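Contents: one structure, followed by commentary.
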Amino acid sequence: MYEIWQIAAPIVWSLVEVVAVFLIGTKLIKLVIEILKKATERAGLEKGVISFLSSMARIALYGILVVIIAGIFGIPTASFVAVIGSCGLAVGLALQGSLQNFAGGVLILLMKPFVVGDYISAKGLEGTVYSIDICYTKLKTPDNKIVVLPNGTLSNADLVNVSKEPVRRVDFTVPVSYSDDYEGIKSMLAGLAASSELVLKDRPVDIFISDFANDSVSVGFRVWCATEHYWDVKFDLQEKIKKSMDEKGYTIPFRQVDVLIKNEK
């Protein structure tokens, strides 16, 4: 009996040690995760980033715990770590695209080039940000389509955030005839800007000749408005410009071709 105990004792004590290390380790891991979550919440990070960091920390800490337990059983930790590293490399290569999107999502959530509700344009697509997931960002287009963009591509693309600033400038190019009264046209455009309730009165209204084209003089017309009123101002002033020019007898030149037919007998 004594001989059996001598053989079994190291195994029993190893099992007790493993159980103790596992119980204490899991408690410490939960404590560290809770501290990390509270710290990231106080830092004002997005929920997606908090969840990602917590998951990564949990995986890393449990990996360390497994290595410690393997060492208690006498398994060479160097070989064990090498096997885990090889497995991680194989999984990383297999999921390379997904991991790129994953990393891109973390960068977007951390750097915040846009948030939910912003109107953005990227990769030839544009729309209002509907949701930002850890791997994909969804846009809702003006015609109510949902566009899904991978975060890996989006984080490296040239991106325009249209609604980041509270005010925007609305640009118009008004073609007028060379024979029209430029001063009269300037006065007309200034009056339209002054009469619009959505045009900001504390911002300058710019009216200038931007180009001398073959068929017309291009008059630049710029006003400012709140970002959410951009399209209202754009469409409203375009309609009023056309109506005012018709009423005052100004010409909007357009290309035309004269065809002369000769009747030779």
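In the structure tokens, chains take the letters A, B, ... in the order shown, each chain's residues start at 1, and ligands count up from 1 in the order shown.
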How close does range 154-191 of chain A get to range 238-244 of chain A? List, as a tab-separated table, each residue of range 154-191 of chain A within 10 Å, its nearest atom pair and the distance in Å to one decimal, counting only C-alpha atoms.
residue	atom	partner	partner_atom	distance
A:Phe172	CA	A:Gln238	CA	8.0
A:Thr173	CA	A:Gln238	CA	9.9
A:Val174	CA	A:Ile241	CA	8.4
A:Ile185	CA	A:Ser244	CA	9.6
A:Met188	CA	A:Ser244	CA	7.6
A:Leu189	CA	A:Ile241	CA	7.4
Legend entry - Residue with smallest distance to Thr227 in chain A - pool A:Glu247, A:Glu197, A:Glu165, A:Asp180, counting only C-alpha atoms: A:Glu165
Inset, instruction - Name the closest residue to Lys140 in chain A among the candidates A:Leu159, A:Leu200, A:Ile120, A:Ile64; distances are taken between atoms, counting only C-alpha atoms. - result: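 For Lys140 in chain A, the nearest of the candidates is A:Ile120.
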Inset, instruction - Please run DSSP on the backbone and report, as number ranges by chain, all residues within range 7-254 of chain A that come out as helix (DSSP H, G or I). - result: A: 7-42, 47-72, 77-94, 96-111, 151-156, 182-195, 227-248
